[in-house]
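As provided, coords_35.csv (CSV, C-alpha atoms) reads as follows.
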```
chain,number,residue,atom,x,y,z
A,1,ARG,CA,-53.8,1.5,-88.2
A,2,SER,CA,-51.1,-1.2,-88.1
A,3,MET,CA,-49.2,0.8,-85.5
A,4,ILE,CA,-52.3,1.2,-83.4
A,5,MET,CA,-53.2,-2.5,-83.4
A,6,CYS,CA,-49.6,-3.6,-82.9
A,7,VAL,CA,-49.2,-1.3,-79.8
A,8,SER,CA,-52.5,-2.5,-78.4
A,9,HIS,CA,-51.7,-6.2,-78.9
A,10,MET,CA,-48.1,-5.7,-77.7
A,11,ILE,CA,-49.2,-4.4,-74.3
A,12,SER,CA,-52.2,-6.8,-74.1
A,13,ALA,CA,-50.0,-9.9,-74.6
A,14,ALA,CA,-47.2,-8.6,-72.5
A,15,LEU,CA,-49.4,-7.9,-69.5
A,16,ALA,CA,-51.0,-11.3,-69.9
A,17,LEU,CA,-47.5,-12.7,-69.8
A,18,ALA,CA,-46.7,-10.7,-66.7
A,19,ALA,CA,-49.9,-12.0,-65.1
A,20,GLY,CA,-48.7,-15.6,-65.6
A,21,LEU,CA,-50.9,-16.6,-68.5
A,22,SER,CA,-49.6,-19.1,-71.1
A,23,LEU,CA,-47.8,-17.0,-73.7
A,24,PRO,CA,-44.4,-17.3,-75.4
A,25,VAL,CA,-41.5,-16.0,-73.4
A,26,VAL,CA,-40.3,-12.7,-74.6
A,27,GLY,CA,-36.6,-12.4,-75.4
A,28,ARG,CA,-34.6,-9.2,-75.9
A,29,ALA,CA,-37.4,-7.7,-77.9
A,30,ARG,CA,-40.3,-9.2,-79.7
A,31,ALA,CA,-43.5,-8.2,-81.5
A,32,PHE,CA,-46.8,-10.1,-81.3
A,33,ARG,CA,-49.2,-10.9,-84.1
A,34,THR,CA,-51.9,-8.3,-84.7
A,35,PRO,CA,-55.3,-9.4,-83.4
A,36,SER,CA,-58.5,-9.2,-85.3
A,37,ARG,CA,-60.2,-7.6,-82.2
A,38,PRO,CA,-59.0,-6.0,-79.0
A,39,ILE,CA,-57.7,-8.4,-76.3
A,40,SER,CA,-58.7,-7.8,-72.7
A,41,ILE,CA,-55.8,-6.9,-70.5
A,42,SER,CA,-57.7,-6.8,-67.2
A,43,ASN,CA,-56.5,-9.1,-64.5
A,44,SER,CA,-59.1,-10.6,-62.1
A,45,GLY,CA,-61.4,-7.7,-62.9
A,46,ALA,CA,-58.8,-5.0,-61.9
A,47,ALA,CA,-57.8,-2.6,-64.7
A,48,GLN,CA,-54.1,-2.6,-65.5
A,49,ARG,CA,-52.6,0.9,-65.4
A,50,VAL,CA,-50.8,1.9,-68.6
A,51,LEU,CA,-48.6,5.0,-68.9
A,52,VAL,CA,-47.9,6.5,-72.3
A,53,THR,CA,-45.0,9.0,-72.0
A,54,ASP,CA,-44.3,10.1,-75.6
A,55,GLY,CA,-47.8,10.4,-77.0
A,56,LEU,CA,-49.8,8.1,-79.3
A,57,ALA,CA,-52.6,8.6,-81.7
A,58,PRO,CA,-56.0,8.9,-80.0
A,59,ALA,CA,-57.2,5.7,-81.7
A,60,ALA,CA,-54.3,3.8,-80.1
A,61,LEU,CA,-55.2,5.1,-76.7
A,62,ASP,CA,-58.8,4.2,-77.3
A,63,ALA,CA,-57.8,0.7,-78.4
A,64,LEU,CA,-55.9,0.2,-75.1
A,65,ALA,CA,-58.9,1.5,-73.1
A,66,ALA,CA,-61.2,-0.8,-75.0
A,67,GLY,CA,-59.1,-3.7,-73.9
A,68,GLY,CA,-59.6,-2.8,-70.2
A,69,ALA,CA,-56.6,-0.6,-69.5
A,70,ASP,CA,-56.6,2.5,-67.3
A,71,VAL,CA,-54.5,4.7,-69.6
A,72,THR,CA,-52.6,7.8,-68.6
A,73,SER,CA,-50.8,10.0,-71.1
A,74,ARG,CA,-48.1,12.3,-69.7
A,75,SER,CA,-44.3,12.9,-70.1
A,76,LEU,CA,-41.9,12.3,-67.2
A,77,THR,CA,-38.6,13.9,-66.5
A,78,GLU,CA,-35.5,11.8,-65.8
A,79,ASP,CA,-35.6,12.8,-62.1
A,80,GLU,CA,-39.2,11.6,-61.9
A,81,LEU,CA,-38.4,8.3,-63.6
A,82,CYS,CA,-35.5,7.7,-61.2
A,83,ALA,CA,-37.6,8.6,-58.2
A,84,GLY,CA,-40.0,5.7,-59.0
A,85,ALA,CA,-42.8,7.4,-61.0
A,86,LEU,CA,-43.3,4.2,-63.0
A,87,ALA,CA,-44.0,2.2,-59.9
A,88,ALA,CA,-47.7,3.3,-60.0
A,89,TYR,CA,-48.2,1.6,-63.4
A,90,ASP,CA,-48.3,-1.9,-64.7
A,91,ALA,CA,-46.9,-1.0,-68.1
A,92,VAL,CA,-45.3,2.0,-69.8
A,93,ILE,CA,-45.3,2.7,-73.5
A,94,ILE,CA,-42.5,4.9,-74.9
A,95,ARG,CA,-41.3,6.0,-78.3
A,96,SER,CA,-38.1,7.9,-78.9
A,97,ALA,CA,-38.2,10.8,-76.5
A,98,THR,CA,-38.1,8.7,-73.3
A,99,THR,CA,-34.9,6.9,-72.1
A,100,LEU,CA,-35.4,4.2,-69.5
A,101,ARG,CA,-32.2,3.5,-67.6
A,102,ALA,CA,-31.7,0.6,-65.2
A,103,ASP,CA,-32.3,2.7,-62.1
A,104,ALA,CA,-35.6,4.0,-63.4
A,105,LEU,CA,-36.7,0.4,-64.3
A,106,SER,CA,-35.6,-0.9,-60.9
A,107,ALA,CA,-37.5,1.8,-59.1
A,108,GLY,CA,-40.6,1.1,-61.2
A,109,ALA,CA,-40.3,-2.7,-60.6
A,110,ALA,CA,-40.3,-2.1,-56.9
A,111,GLY,CA,-43.9,-1.2,-57.4
A,112,ARG,CA,-46.3,-2.3,-60.1
A,113,LEU,CA,-44.2,-2.0,-63.3
A,114,ARG,CA,-44.0,-5.3,-65.2
A,115,VAL,CA,-43.9,-4.3,-68.9
A,116,VAL,CA,-42.1,-1.8,-71.1
A,117,GLY,CA,-43.5,-1.4,-74.6
A,118,ARG,CA,-41.6,0.4,-77.3
A,119,ALA,CA,-44.0,1.7,-79.9
A,120,GLY,CA,-41.5,1.4,-82.7
A,121,VAL,CA,-38.6,-0.8,-83.9
A,122,GLY,CA,-35.5,-0.2,-81.8
A,123,VAL,CA,-35.0,-0.7,-78.1
A,124,ASP,CA,-31.8,1.2,-77.9
A,125,ASN,CA,-33.3,3.8,-75.5
A,126,ILE,CA,-34.2,1.0,-73.0
A,127,ASP,CA,-31.7,-0.8,-70.7
A,128,VAL,CA,-33.0,-4.2,-71.7
A,129,ALA,CA,-30.5,-6.1,-69.4
A,130,GLY,CA,-31.5,-3.8,-66.5
A,131,ALA,CA,-35.2,-4.4,-67.3
A,132,HIS,CA,-34.8,-8.2,-67.2
A,133,ALA,CA,-32.7,-8.0,-64.0
A,134,SER,CA,-35.7,-6.2,-62.5
A,135,GLY,CA,-38.2,-8.7,-63.8
A,136,VAL,CA,-39.6,-6.3,-66.4
A,137,THR,CA,-40.6,-7.6,-69.8
A,138,VAL,CA,-39.5,-5.6,-72.9
A,139,VAL,CA,-41.6,-5.8,-76.1
A,140,ASN,CA,-41.6,-3.8,-79.3
A,141,THR,CA,-43.4,-3.4,-82.6
A,142,PRO,CA,-40.8,-4.1,-85.3
A,143,SER,CA,-43.3,-4.5,-88.2
A,144,ALA,CA,-45.6,-1.6,-87.4
A,145,SER,CA,-43.9,1.0,-89.5
A,146,THR,CA,-42.7,-1.2,-92.3
A,147,ALA,CA,-45.3,0.0,-94.9
A,148,SER,CA,-44.7,3.7,-94.0
A,149,VAL,CA,-40.9,3.3,-94.5
A,150,VAL,CA,-41.4,1.4,-97.7
A,151,GLU,CA,-43.6,4.1,-99.1
A,152,MET,CA,-41.2,6.9,-98.0
A,153,THR,CA,-38.3,5.0,-99.8
A,154,LEU,CA,-40.4,4.9,-103.0
A,155,ALA,CA,-41.2,8.6,-102.7
A,156,LEU,CA,-37.5,9.4,-102.4
A,157,LEU,CA,-36.7,7.1,-105.4
A,158,PHE,CA,-39.3,9.0,-107.5
A,159,ALA,CA,-38.0,12.4,-106.3
A,160,ALA,CA,-34.5,11.5,-107.2
A,161,ALA,CA,-35.3,10.0,-110.6
A,162,ARG,CA,-37.5,12.9,-111.6
A,163,ASN,CA,-35.5,15.7,-110.0
A,164,LEU,CA,-38.6,16.8,-108.1
A,165,PRO,CA,-36.8,18.9,-105.4
A,166,ALA,CA,-35.1,21.1,-108.0
A,167,ALA,CA,-38.2,21.3,-110.2
A,168,ASP,CA,-40.3,22.4,-107.1
A,169,ARG,CA,-37.8,25.1,-106.1
A,170,GLY,CA,-37.6,26.4,-109.7
A,171,LEU,CA,-41.4,26.6,-110.1
A,172,ARG,CA,-41.8,28.4,-106.8
A,173,SER,CA,-39.2,31.0,-108.0
A,174,GLY,CA,-41.0,31.4,-111.3
A,175,GLU,CA,-38.9,29.1,-113.5
A,176,TRP,CA,-40.1,26.2,-115.6
A,177,LEU,CA,-37.1,24.0,-115.5
A,178,LYS,CA,-37.7,22.0,-118.7
A,179,PRO,CA,-35.2,21.6,-121.5
A,180,PRO,CA,-33.8,23.7,-123.1
A,181,ALA,CA,-34.1,26.0,-120.1
A,182,ARG,CA,-30.8,26.7,-118.3
A,183,GLY,CA,-30.4,24.5,-115.2
A,184,SER,CA,-33.0,22.0,-116.4
A,185,ARG,CA,-32.4,18.3,-116.1
A,186,LEU,CA,-34.3,15.5,-117.7
A,187,GLY,CA,-35.9,13.0,-115.4
A,188,SER,CA,-35.8,9.2,-116.0
A,189,GLU,CA,-38.0,6.3,-115.6
A,190,LEU,CA,-37.5,3.8,-112.8
A,191,ALA,CA,-38.6,0.9,-115.0
A,192,GLY,CA,-35.7,-1.0,-116.3
A,193,LYS,CA,-33.3,0.5,-113.7
A,194,ASN,CA,-31.2,-1.6,-111.3
A,195,LEU,CA,-31.9,-1.2,-107.6
A,196,GLY,CA,-29.4,-2.4,-105.0
A,197,LEU,CA,-30.5,-3.3,-101.5
A,198,LEU,CA,-28.0,-3.7,-98.6
A,199,GLY,CA,-29.8,-6.0,-96.2
A,200,PHE,CA,-33.0,-8.0,-96.9
A,201,GLY,CA,-35.2,-7.5,-93.8
A,202,ARG,CA,-38.9,-6.5,-93.7
A,203,ILE,CA,-38.4,-3.0,-95.2
A,204,ALA,CA,-36.0,-4.2,-97.9
A,205,ARG,CA,-38.4,-7.0,-98.9
A,206,GLY,CA,-41.3,-4.5,-99.1
A,207,VAL,CA,-39.2,-2.1,-101.2
A,208,ALA,CA,-38.2,-5.0,-103.5
A,209,ALA,CA,-41.8,-6.1,-104.1
A,210,ALA,CA,-42.8,-2.5,-105.0
A,211,ALA,CA,-39.7,-1.9,-107.2
A,212,ALA,CA,-40.3,-5.2,-109.0
A,213,ALA,CA,-43.9,-4.1,-109.7
A,214,LEU,CA,-42.5,-0.9,-111.3
A,215,GLY,CA,-40.3,-3.0,-113.6
A,216,MET,CA,-37.0,-2.5,-111.8
A,217,ARG,CA,-34.3,-5.1,-111.6
A,218,VAL,CA,-33.6,-5.7,-107.9
A,219,PHE,CA,-30.4,-7.0,-106.4
A,220,ALA,CA,-29.8,-7.5,-102.7
A,221,TYR,CA,-26.9,-8.4,-100.4
A,222,SER,CA,-27.5,-10.0,-97.0
A,223,PRO,CA,-25.6,-12.9,-95.4
A,224,HIS,CA,-28.9,-13.9,-93.7
A,225,ALA,CA,-31.3,-13.7,-96.7
A,226,ALA,CA,-33.2,-16.9,-97.8
A,227,SER,CA,-32.8,-17.7,-101.4
A,228,GLU,CA,-36.4,-19.0,-101.6
A,229,THR,CA,-37.8,-15.6,-100.4
A,230,ALA,CA,-35.6,-13.7,-102.8
A,231,SER,CA,-36.7,-15.9,-105.7
A,232,LEU,CA,-40.4,-15.4,-104.9
A,233,LEU,CA,-39.8,-11.6,-105.0
A,234,GLY,CA,-37.8,-11.8,-108.2
A,235,VAL,CA,-34.7,-10.5,-106.4
A,236,THR,CA,-31.1,-11.5,-107.3
A,237,LEU,CA,-29.0,-12.2,-104.2
A,238,LEU,CA,-25.4,-11.1,-104.6
A,239,PRO,CA,-22.5,-13.1,-103.0
```

How would this structure read if it were set down as structure tokens?
Amino acid sequence: RSMIMCVSHMISAALALAAGLSLPVVGRARAFRTPSRPISISNSGAAQRVLVTDGLAPAALDALAAGGADVTSRSLTEDELCAGALAAYDAVIIRSATTLRADALSAGAAGRLRVVGRAGVGVDNIDVAGAHASGVTVVNTPSASTASVVEMTLALLFAAARNLPAADRGLRSGEWLKPPARGSRLGSELAGKNLGLLGFGRIARGVAAAAAALGMRVFAYSPHAASETASLLGVTLLP
């Protein structure tokens, strides 16, 4: 749900910005706060055309439509992009499959294109400098997948501590890999273990909070981490 609302708000706010409304200027890439309800993205009664090239959940498409957008979901080839296919749309939402080069963005900006939204964290598949040179705003959703990645990290920690992959393979082959069986390995508790984090961004902070709740001792290294934040999470920052 967080991804759906972030995508909807991202495009809503960016289109309002492109229409000249009073909103913060977007830099290289920025996410906007999640709204409590859909924001209208129509401009003077005319629906803004939004293209989704890499697919989104139906609920995300519905959220955009509920905000007043005319949404089209289809993939485009690189030749179509360079030929100006984006010129027919006010905004395009991409994920990882689509790469937007400067020539594709320039061709789109010659028409209606004003906003590129990345439904995800990185913008490495977007020529941001080329977009800005063409007057196209680039926005992303850096916090949308935080909870999912934190949960996946915890899942991998549990799997490693309890030797779950080997135990699963053994059971599927008819073996119960429990001591004293050959090849068996004892699992261990996470409580009381040390966990080291390289970096202390959104995901690391989420992992730290969850690990601390499990009784782990958490250490982190980051030249940009705030000691106050680390202290609140019970994290020891390393020099």

Exercise for the section: Pick out the residues sitting within 12 Å of Leu100 in chain A, and hand them over as a PyMOL selection string; count only C-alpha atoms, and ignore anything fewer than 3 positions along from it in its own chain. Expected result: chain A and resi 53+76-82+84-86+92-97+103-108+116-118+123-131+136+138

Practice task
Go through A:Arg202, A:Arg101, A:Lys193, A:Arg169 one by one, measure the shortest atom-to-atom distance of each to Met216 in chain A using all atoms listed in the file, and give the residue with the smallest value.
Solution key: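 The shortest atom-to-atom distance to Met216 in chain A comes from A:Lys193.
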
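Counting all atoms listed in the file and comparing A:Leu64, A:Ala69, A:Ala47, A:Val150, the residue that lies closest to Val207 in chain A is A:Val150.
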
For Leu157 in chain A, work out the shell of residues within 9 Å, counting only C-alpha atoms and skipping chain neighbours fewer than 5 positions away, then give it as a short mmCIF file (atom, residue, chain, number, x, y, z; two decimals) with C-alpha atoms, keeping the file's coordinate frame.
```
data_model
loop_
_atom_site.label_atom_id
_atom_site.label_comp_id
_atom_site.auth_asym_id
_atom_site.auth_seq_id
_atom_site.Cartn_x
_atom_site.Cartn_y
_atom_site.Cartn_z
CA MET A 152 -41.20 6.90 -98.00
CA ARG A 162 -37.50 12.90 -111.60
CA LEU A 190 -37.50 3.80 -112.80
#
```

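The coordinates place CA of Arg112 in chain A at 5.0 Å from CA of Asp90 in chain A.
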
Practice task
Kindly provide, as a ChimeraX atom specification, the polymer residues lying within 10 Å of (-39.6, 2.2, -107.1), counting only C-alpha atoms and using the coordinates exactly as they appear in the file.
Solution key: /A:150-151,153-158,161,189-191,193,195,207-216,218

Practice task
Between CA of Thr236 in chain A and CA of Ala220 in chain A, measure the distance and give it in Å to one decimal.
Solution key: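 CA of Ala220 in chain A lies at a distance of 6.2 Å from CA of Thr236 in chain A.
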
Practice task
For CA of Ser134 in chain A and CA of Ala91 in chain A, determine how far apart the two atoms are, in Å to one decimal place.
Solution key: 13.6 Å

Exercise for the section: Find, counting only C-alpha atoms, the residue in A:Ser222, A:Asn194, A:Thr98, A:Thr141 that gets nearest to Ala119 in chain A. Expected result: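 Result for the nearest residue to Ala119 in chain A: A:Thr141.
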
Handout entry: Nearest to Ser145 in chain A, chosen from A:Gly122, A:Ser73, A:Ala226, A:Phe219, with all atoms listed in the file counted in the distances
Key =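 With all atoms listed in the file as the atom set, the closest residue is A:Gly122.
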
Handout entry: Minimum-distance residue to Leu198 in chain A, chosen among A:Val115, A:Leu164, A:Thr99, A:Ala225 (using all atoms listed in the file)
Key =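 Once distances to Leu198 in chain A are computed over all atoms listed in the file, the minimum belongs to A:Ala225.
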
Exercise for the section: For each of A:Pro223, A:Ala109, A:Ala167, A:Arg205, take the minimum atom-to-atom distance to Val149 in chain A, counting all atoms listed in the file, then give the residue where this is smallest. Expected result: A:Arg205

Excluding Thr72 in chain A and any residue of its chain fewer than 3 positions from it, enumerate the residues within 8 Å of it, using all atoms listed in the file, and give them as a tab-separated table (two decimals) with C-alpha atoms, in the frame of the given file.
```tsv
chain	number	residue	atom	x	y	z
A	49	ARG	CA	-52.60	0.90	-65.40
A	50	VAL	CA	-50.80	1.90	-68.60
A	51	LEU	CA	-48.60	5.00	-68.90
A	52	VAL	CA	-47.90	6.50	-72.30
```

Dump of range 161-173 of chain A from preceding block, C-alpha atoms, as a short mmCIF file (atom, residue, chain, number, x, y, z; two decimals), in the first residue's frame:
```cif
data_model
loop_
_atom_site.label_atom_id
_atom_site.label_comp_id
_atom_site.auth_asym_id
_atom_site.auth_seq_id
_atom_site.Cartn_x
_atom_site.Cartn_y
_atom_site.Cartn_z
CA ALA A 161 20.85 -18.47 11.80
CA ARG A 162 18.60 -21.53 11.59
CA ASN A 163 20.13 -23.14 8.48
CA LEU A 164 16.72 -23.16 6.86
CA PRO A 165 17.85 -23.64 3.22
CA ALA A 166 19.79 -26.83 4.07
CA ALA A 167 17.02 -28.09 6.33
CA ASP A 168 14.44 -27.50 3.60
CA ARG A 169 16.48 -29.32 0.98
CA GLY A 170 17.10 -32.20 3.37
CA LEU A 171 13.46 -32.59 4.25
CA ARG A 172 12.44 -32.53 0.59
CA SER A 173 14.90 -35.37 -0.06
#
```
